[in-house]
Each structure stands twice: as structure tokens, then as C-alpha cells.
>>> print(open('my_file.pdb').read())   # PDB, C-alpha atoms
ATOM      1  CA  MET T   1       4.239 -14.673 -41.851  1.00  0.00           C
ATOM      2  CA  ARG T   2       3.928 -11.172 -40.471  1.00  0.00           C
ATOM      3  CA  TYR T   3       2.606 -10.682 -36.930  1.00  0.00           C
ATOM      4  CA  VAL T   4       1.798  -7.706 -34.744  1.00  0.00           C
ATOM      5  CA  LEU T   5       2.043  -8.626 -31.081  1.00  0.00           C
ATOM      6  CA  ASP T   6      -0.371  -6.929 -28.716  1.00  0.00           C
ATOM      7  CA  THR T   7       1.113  -5.421 -25.571  1.00  0.00           C
ATOM      8  CA  ASP T   8      -0.279  -8.212 -23.394  1.00  0.00           C
ATOM      9  CA  VAL T   9       1.822 -10.724 -25.348  1.00  0.00           C
ATOM     10  CA  ILE T  10       5.002  -8.673 -24.894  1.00  0.00           C
ATOM     11  CA  VAL T  11       4.389  -8.337 -21.150  1.00  0.00           C
ATOM     12  CA  ALA T  12       3.712 -12.081 -20.899  1.00  0.00           C
ATOM     13  CA  ALA T  13       6.954 -12.823 -22.766  1.00  0.00           C
ATOM     14  CA  MET T  14       8.923 -10.654 -20.353  1.00  0.00           C
ATOM     15  CA  ARG T  15       7.253 -12.103 -17.258  1.00  0.00           C
ATOM     16  CA  SER T  16       7.339 -15.766 -18.318  1.00  0.00           C
ATOM     17  CA  PRO T  17      10.367 -16.717 -20.432  1.00  0.00           C
ATOM     18  CA  SER T  18       9.124 -20.299 -20.813  1.00  0.00           C
ATOM     19  CA  GLY T  19       5.682 -19.487 -22.233  1.00  0.00           C
ATOM     20  CA  ALA T  20       4.295 -19.266 -25.752  1.00  0.00           C
ATOM     21  CA  SER T  21       4.711 -15.489 -25.854  1.00  0.00           C
ATOM     22  CA  ALA T  22       8.445 -15.734 -25.172  1.00  0.00           C
ATOM     23  CA  ALA T  23       8.706 -18.563 -27.705  1.00  0.00           C
ATOM     24  CA  LEU T  24       7.164 -16.222 -30.278  1.00  0.00           C
ATOM     25  CA  LEU T  25       9.860 -13.626 -29.636  1.00  0.00           C
ATOM     26  CA  LEU T  26      12.527 -16.297 -30.047  1.00  0.00           C
ATOM     27  CA  ALA T  27      10.870 -17.363 -33.317  1.00  0.00           C
ATOM     28  CA  ALA T  28      11.015 -13.743 -34.501  1.00  0.00           C
ATOM     29  CA  LEU T  29      14.676 -13.632 -33.543  1.00  0.00           C
ATOM     30  CA  ASP T  30      15.202 -16.792 -35.621  1.00  0.00           C
ATOM     31  CA  ARG T  31      13.414 -15.030 -38.531  1.00  0.00           C
ATOM     32  CA  ARG T  32      10.584 -17.572 -38.577  1.00  0.00           C
ATOM     33  CA  PHE T  33       8.203 -14.631 -38.872  1.00  0.00           C
ATOM     34  CA  THR T  34       8.455 -10.880 -39.216  1.00  0.00           C
ATOM     35  CA  LEU T  35       7.466  -8.850 -36.191  1.00  0.00           C
ATOM     36  CA  VAL T  36       5.958  -5.533 -37.270  1.00  0.00           C
ATOM     37  CA  ALA T  37       5.296  -2.514 -35.041  1.00  0.00           C
ATOM     38  CA  ASN T  38       4.755   1.205 -35.289  1.00  0.00           C
ATOM     39  CA  VAL T  39       6.120   3.911 -32.988  1.00  0.00           C
ATOM     40  CA  PRO T  40       2.964   4.234 -30.851  1.00  0.00           C
ATOM     41  CA  LEU T  41       2.995   0.488 -30.236  1.00  0.00           C
ATOM     42  CA  ILE T  42       6.676   0.449 -29.226  1.00  0.00           C
ATOM     43  CA  VAL T  43       5.945   3.323 -26.820  1.00  0.00           C
ATOM     44  CA  GLU T  44       3.035   1.316 -25.401  1.00  0.00           C
ATOM     45  CA  TYR T  45       5.317  -1.727 -24.954  1.00  0.00           C
ATOM     46  CA  GLU T  46       7.771   0.444 -23.047  1.00  0.00           C
ATOM     47  CA  ALA T  47       5.122   2.027 -20.827  1.00  0.00           C
ATOM     48  CA  SER T  48       3.620  -1.340 -19.901  1.00  0.00           C
ATOM     49  CA  CYS T  49       6.820  -3.349 -19.470  1.00  0.00           C
ATOM     50  CA  SER T  50       8.386  -0.611 -17.332  1.00  0.00           C
ATOM     51  CA  ARG T  51       5.616  -0.783 -14.744  1.00  0.00           C
ATOM     52  CA  GLU T  52       6.955  -1.813 -11.372  1.00  0.00           C
ATOM     53  CA  GLU T  53       4.646  -4.819 -10.986  1.00  0.00           C
ATOM     54  CA  HIS T  54       5.851  -6.292 -14.295  1.00  0.00           C
ATOM     55  CA  CYS T  55       9.519  -5.648 -13.506  1.00  0.00           C
ATOM     56  CA  LEU T  56       9.127  -7.347 -10.119  1.00  0.00           C
ATOM     57  CA  ALA T  57       7.215 -10.309 -11.565  1.00  0.00           C
ATOM     58  CA  ALA T  58       9.863 -10.753 -14.259  1.00  0.00           C
ATOM     59  CA  GLY T  59      12.691 -10.369 -11.747  1.00  0.00           C
ATOM     60  CA  LEU T  60      14.319  -7.752 -13.958  1.00  0.00           C
ATOM     61  CA  SER T  61      16.016  -4.500 -13.090  1.00  0.00           C
ATOM     62  CA  THR T  62      15.131  -1.271 -14.835  1.00  0.00           C
ATOM     63  CA  VAL T  63      18.289  -1.626 -16.938  1.00  0.00           C
ATOM     64  CA  GLU T  64      17.410  -5.210 -17.926  1.00  0.00           C
ATOM     65  CA  VAL T  65      13.873  -4.188 -18.894  1.00  0.00           C
ATOM     66  CA  GLN T  66      15.290  -1.413 -21.059  1.00  0.00           C
ATOM     67  CA  GLN T  67      17.653  -3.909 -22.723  1.00  0.00           C
ATOM     68  CA  PHE T  68      14.676  -6.199 -23.399  1.00  0.00           C
ATOM     69  CA  LEU T  69      12.752  -3.297 -24.921  1.00  0.00           C
ATOM     70  CA  ASP T  70      15.726  -2.109 -26.985  1.00  0.00           C
ATOM     71  CA  GLY T  71      16.156  -5.621 -28.372  1.00  0.00           C
ATOM     72  CA  LEU T  72      12.463  -5.807 -29.156  1.00  0.00           C
ATOM     73  CA  ALA T  73      12.516  -2.473 -30.981  1.00  0.00           C
ATOM     74  CA  ALA T  74      15.561  -3.567 -32.985  1.00  0.00           C
ATOM     75  CA  LEU T  75      13.854  -6.852 -33.880  1.00  0.00           C
ATOM     76  CA  ALA T  76      10.638  -5.269 -35.159  1.00  0.00           C
ATOM     77  CA  GLU T  77      10.203  -4.101 -38.720  1.00  0.00           C
ATOM     78  CA  PRO T  78       9.152  -0.462 -38.422  1.00  0.00           C
ATOM     79  CA  VAL T  79       5.749   0.420 -39.819  1.00  0.00           C
ATOM     80  CA  GLU T  80       4.766   3.902 -40.829  1.00  0.00           C
ATOM     81  CA  THR T  81       1.132   4.727 -40.191  1.00  0.00           C
ATOM     82  CA  HIS T  82      -0.406   6.298 -43.274  1.00  0.00           C
ATOM     83  CA  PHE T  83      -4.090   6.079 -42.454  1.00  0.00           C
ATOM     84  CA  LEU T  84      -6.094   6.271 -39.276  1.00  0.00           C
ATOM     85  CA  TRP T  85      -9.378   4.359 -39.102  1.00  0.00           C
ATOM     86  CA  ARG T  86     -10.320   5.281 -35.577  1.00  0.00           C
ATOM     87  CA  PRO T  87     -12.558   4.433 -33.931  1.00  0.00           C
ATOM     88  CA  ARG T  88     -13.128   0.859 -35.061  1.00  0.00           C
ATOM     89  CA  LEU T  89     -12.563  -1.200 -31.897  1.00  0.00           C
ATOM     90  CA  ARG T  90     -14.159  -1.509 -28.457  1.00  0.00           C
ATOM     91  CA  ASP T  91     -10.944  -0.567 -26.660  1.00  0.00           C
ATOM     92  CA  PRO T  92      -9.316   2.635 -27.965  1.00  0.00           C
ATOM     93  CA  ALA T  93      -5.912   1.360 -26.769  1.00  0.00           C
ATOM     94  CA  ASP T  94      -6.120  -1.430 -29.345  1.00  0.00           C
ATOM     95  CA  GLU T  95      -6.490   0.963 -32.274  1.00  0.00           C
ATOM     96  CA  MET T  96      -2.709   1.386 -32.609  1.00  0.00           C
ATOM     97  CA  VAL T  97      -2.322  -2.391 -32.821  1.00  0.00           C
ATOM     98  CA  LEU T  98      -4.843  -2.559 -35.651  1.00  0.00           C
ATOM     99  CA  GLU T  99      -3.165   0.366 -37.427  1.00  0.00           C
ATOM    100  CA  ALA T 100       0.242  -1.321 -37.167  1.00  0.00           C
ATOM    101  CA  ALA T 101      -1.236  -4.542 -38.548  1.00  0.00           C
ATOM    102  CA  VAL T 102      -2.998  -2.889 -41.476  1.00  0.00           C
ATOM    103  CA  ASN T 103      -0.103  -0.620 -42.437  1.00  0.00           C
ATOM    104  CA  GLY T 104       2.446  -3.400 -41.863  1.00  0.00           C
ATOM    105  CA  GLN T 105       0.462  -5.845 -44.005  1.00  0.00           C
ATOM    106  CA  ALA T 106       0.378  -8.306 -41.120  1.00  0.00           C
ATOM    107  CA  ASN T 107      -1.205 -11.704 -41.466  1.00  0.00           C
ATOM    108  CA  ALA T 108      -2.310 -11.685 -37.842  1.00  0.00           C
ATOM    109  CA  ILE T 109      -2.598  -9.786 -34.590  1.00  0.00           C
ATOM    110  CA  VAL T 110      -1.450 -11.960 -31.703  1.00  0.00           C
ATOM    111  CA  THR T 111      -3.234 -11.239 -28.428  1.00  0.00           C
ATOM    112  CA  PHE T 112      -4.798 -12.783 -25.358  1.00  0.00           C
ATOM    113  CA  ASN T 113      -7.752 -10.412 -25.785  1.00  0.00           C
ATOM    114  CA  GLN T 114      -9.285 -11.702 -29.002  1.00  0.00           C
ATOM    115  CA  ARG T 115     -12.754 -10.512 -28.031  1.00  0.00           C
ATOM    116  CA  ASP T 116     -11.590  -6.876 -27.905  1.00  0.00           C
ATOM    117  CA  TYR T 117     -10.892  -6.933 -31.647  1.00  0.00           C
ATOM    118  CA  GLY T 118     -14.237  -8.378 -32.733  1.00  0.00           C
ATOM    119  CA  SER T 119     -14.549  -8.908 -36.479  1.00  0.00           C
ATOM    120  CA  THR T 120     -12.856  -5.632 -37.505  1.00  0.00           C
ATOM    121  CA  PRO T 121      -9.437  -7.137 -38.394  1.00  0.00           C
ATOM    122  CA  LYS T 122     -11.181  -9.519 -40.823  1.00  0.00           C
ATOM    123  CA  ASP T 123     -12.320  -6.449 -42.782  1.00  0.00           C
ATOM    124  CA  PHE T 124      -8.621  -5.943 -43.549  1.00  0.00           C
ATOM    125  CA  GLY T 125      -7.797  -9.625 -44.116  1.00  0.00           C
ATOM    126  CA  ILE T 126      -6.071  -9.956 -40.734  1.00  0.00           C
ATOM    127  CA  GLU T 127      -6.580 -12.859 -38.336  1.00  0.00           C
ATOM    128  CA  VAL T 128      -6.571 -12.547 -34.555  1.00  0.00           C
ATOM    129  CA  LEU T 129      -4.681 -15.378 -32.863  1.00  0.00           C
ATOM    130  CA  LEU T 130      -3.733 -16.482 -29.373  1.00  0.00           C
ATOM    131  CA  PRO T 131       0.038 -16.782 -28.840  1.00  0.00           C
ATOM    132  CA  CYS T 132      -0.103 -20.594 -28.755  1.00  0.00           C
ATOM    133  CA  ASP T 133      -1.995 -20.671 -32.057  1.00  0.00           C
ATOM    134  CA  ALA T 134       0.366 -18.186 -33.678  1.00  0.00           C
ATOM    135  CA  LEU T 135       3.286 -20.333 -32.557  1.00  0.00           C
ATOM    136  CA  LYS T 136       1.683 -23.486 -33.996  1.00  0.00           C
ATOM    137  CA  ARG T 137       1.379 -21.761 -37.368  1.00  0.00           C
ATOM    138  CA  LEU T 138       5.155 -21.409 -37.430  1.00  0.00           C
ATOM    139  CA  LEU T 139       5.884 -25.093 -36.877  1.00  0.00           C
TER     140      LEU T 139
END
>>> encode(input="my_file.pdb", output="C-alpha cells")
Amino acid sequence: MRYVLDTDVIVAAMRSPSGASAALLLAALDRRFTLVANVPLIVEYEASCSREEHCLAAGLSTVEVQQFLDGLAALAEPVETHFLWRPRLRDPADEMVLEAAVNGQANAIVTFNQRDYGSTPKDFGIEVLLPCDALKRLL
């Protein structure tokens, strides 16, 4: 399986180490699936996870957040974006997630915001899953 994790899933994993989102990252670390991401998505992860409210909620220092992000970047298979299909989605911020999924030949985009993606990922043969459902697929 190949998954692209939306930014909301990464933030949830950082803020709640006992939730499904964190379990997904541990599954990626155990090579139960391949995490794929492109540079714009990694930059988005960093921008979101570094926000003060997320650092405080996670109980992590700036250094610890950077270590989390460095580990995440090292874990992800890098995806080069060859084609841009914009605009295809309701939320322009989600376009980079779709591009990473298409170019990375992902099976699914994992997100809490399934509605934002509509039916567009299906045009590329990509499912949109909640973290708990993506985790169940790995069992």
C-alpha cells in the first residue's frame, strides 16, 4: 500500500501519540505501507506542525517538533511532481496532496477532510480514507 497523509493527519499524529494517525506513522516506520510525499507537502507539514498552538498541545519544544519533522521527511518516499492539474479541488491547499498522490502512485489519500476531495481522486484511481480506515486496511 502507498498512502499520502494529509496535513491534518500529521498534526493529529504529533498532538495525540495514541491515536490512529500516530499508529499510521508507526506502521510506516514498520514498513507496513509506503508513505509518499512531495516537497510542497513536506513544507506544509513543517509550517503546520511548527505553529505554536500545535507545539503546546503536543507538549513538544521547537527542537522536538523539528526532530519529528526530520524523521517524517526521512520516512517518506520522495515524489517528484511532473504534472499539475490545478485547480481540481474545492480547497486549493489540498491540490499538493492530490499531486503527491497521483505522481507517487498512491493507493489512497488519508485525511479527516474527505469531503474536501470530492470525487476527483477517483478519477486517478485513488481512494480517500479516514486514518482509522487506512489503519484497518493494514491489519
>>> residues_around(input="my_file.pdb", residues="T:Pro78", least_positions_apart="5", cutoff="9 Å", atoms="all atoms listed in the file", output="PyMOL selection string")
chain T and resi 35-39+73+104
>>> resolve_selection(input="my_file.pdb", expression="the PyMOL selection byres ((chain T and resi 81) around 9)", output="list in words")
Asn38, Val39, Val79, Glu80, His82, Phe83, Leu84, Glu99, Ala100, Val102, Asn103 and Gly104 of chain T
>>> residues_around(input="my_file.pdb", residues="T:Pro87", least_positions_apart="2", cutoff="12 Å", atoms="only C-alpha atoms", output="JSON, numbers by chain")
{"T": [84, 85, 89, 90, 91, 92, 93, 94, 95, 96, 98, 99, 117, 120]}
>>> closest_residue(input="my_file.pdb", among="T:Ala23, T:Ile109, T:Leu130, T:Ala47", to="T:Val65", atoms="all atoms listed in the file")
T:Ala47
>>> atom_distance(input="my_file.pdb", atom1="atom CA of T:Glu53", atom2="atom CA of T:Ala28")
25.9 Å
>>> closest_residue(input="my_file.pdb", among="T:Val128, T:Thr34, T:Lys136, T:Arg15", to="T:Glu52", atoms="only C-alpha atoms")
T:Arg15
>>> residues_around(input="my_file.pdb", residues="T:Arg51", least_positions_apart="3", cutoff="12 Å", atoms="only C-alpha atoms", output="ChimeraX atom specification")
/T:11,14-15,44-48,54-58,60-62,65-66
>>> write_last_selection(input="my_file.pdb", atoms="C-alpha atoms", output="PDB file, in the frame of the given file")
ATOM      1  CA  VAL T  11       4.389  -8.337 -21.150  1.00  0.00           C
ATOM      2  CA  MET T  14       8.923 -10.654 -20.353  1.00  0.00           C
ATOM      3  CA  ARG T  15       7.253 -12.103 -17.258  1.00  0.00           C
ATOM      4  CA  GLU T  44       3.035   1.316 -25.401  1.00  0.00           C
ATOM      5  CA  TYR T  45       5.317  -1.727 -24.954  1.00  0.00           C
ATOM      6  CA  GLU T  46       7.771   0.444 -23.047  1.00  0.00           C
ATOM      7  CA  ALA T  47       5.122   2.027 -20.827  1.00  0.00           C
ATOM      8  CA  SER T  48       3.620  -1.340 -19.901  1.00  0.00           C
ATOM      9  CA  HIS T  54       5.851  -6.292 -14.295  1.00  0.00           C
ATOM     10  CA  CYS T  55       9.519  -5.648 -13.506  1.00  0.00           C
ATOM     11  CA  LEU T  56       9.127  -7.347 -10.119  1.00  0.00           C
ATOM     12  CA  ALA T  57       7.215 -10.309 -11.565  1.00  0.00           C
ATOM     13  CA  ALA T  58       9.863 -10.753 -14.259  1.00  0.00           C
ATOM     14  CA  LEU T  60      14.319  -7.752 -13.958  1.00  0.00           C
ATOM     15  CA  SER T  61      16.016  -4.500 -13.090  1.00  0.00           C
ATOM     16  CA  THR T  62      15.131  -1.271 -14.835  1.00  0.00           C
ATOM     17  CA  VAL T  65      13.873  -4.188 -18.894  1.00  0.00           C
ATOM     18  CA  GLN T  66      15.290  -1.413 -21.059  1.00  0.00           C
TER      19      GLN T  66
END
>>> atom_distance(input="my_file.pdb", atom1="atom CA of T:Leu75", atom2="atom CA of T:Ala27")
10.9 Å
>>> atom_distance(input="my_file.pdb", atom1="atom CA of T:Met1", atom2="atom CA of T:Arg88")
24.3 Å
>>> resolve_selection(input="my_file.pdb", expression="the PyMOL selection byres ((chain T and resi 19-22) around 10)", output="list in words")
Leu5, Asp8, Val9, Ile10, Val11, Ala12, Ala13, Met14, Arg15, Ser16, Pro17, Ser18, Ala23, Leu24, Leu25, Leu26, Ala27, Ala28, Val110, Thr111, Phe112, Leu130, Pro131, Cys132, Asp133, Ala134, Leu135 and Lys136 of chain T
>>> axis_aligned_box(input="my_file.pdb", around="stretch 19-23 of chain T", padding_each_side="8 Å", output="AutoDock Vina command-line options")
--center_x 6.5 --center_y -17.5 --center_z -25.0 --size_x 20.4 --size_y 20.0 --size_z 21.5
>>> closest_residue(input="my_file.pdb", among="T:Val63, T:Asp70, T:Ala106, T:Arg2", to="T:Arg32", atoms="all atoms listed in the file")
T:Arg2
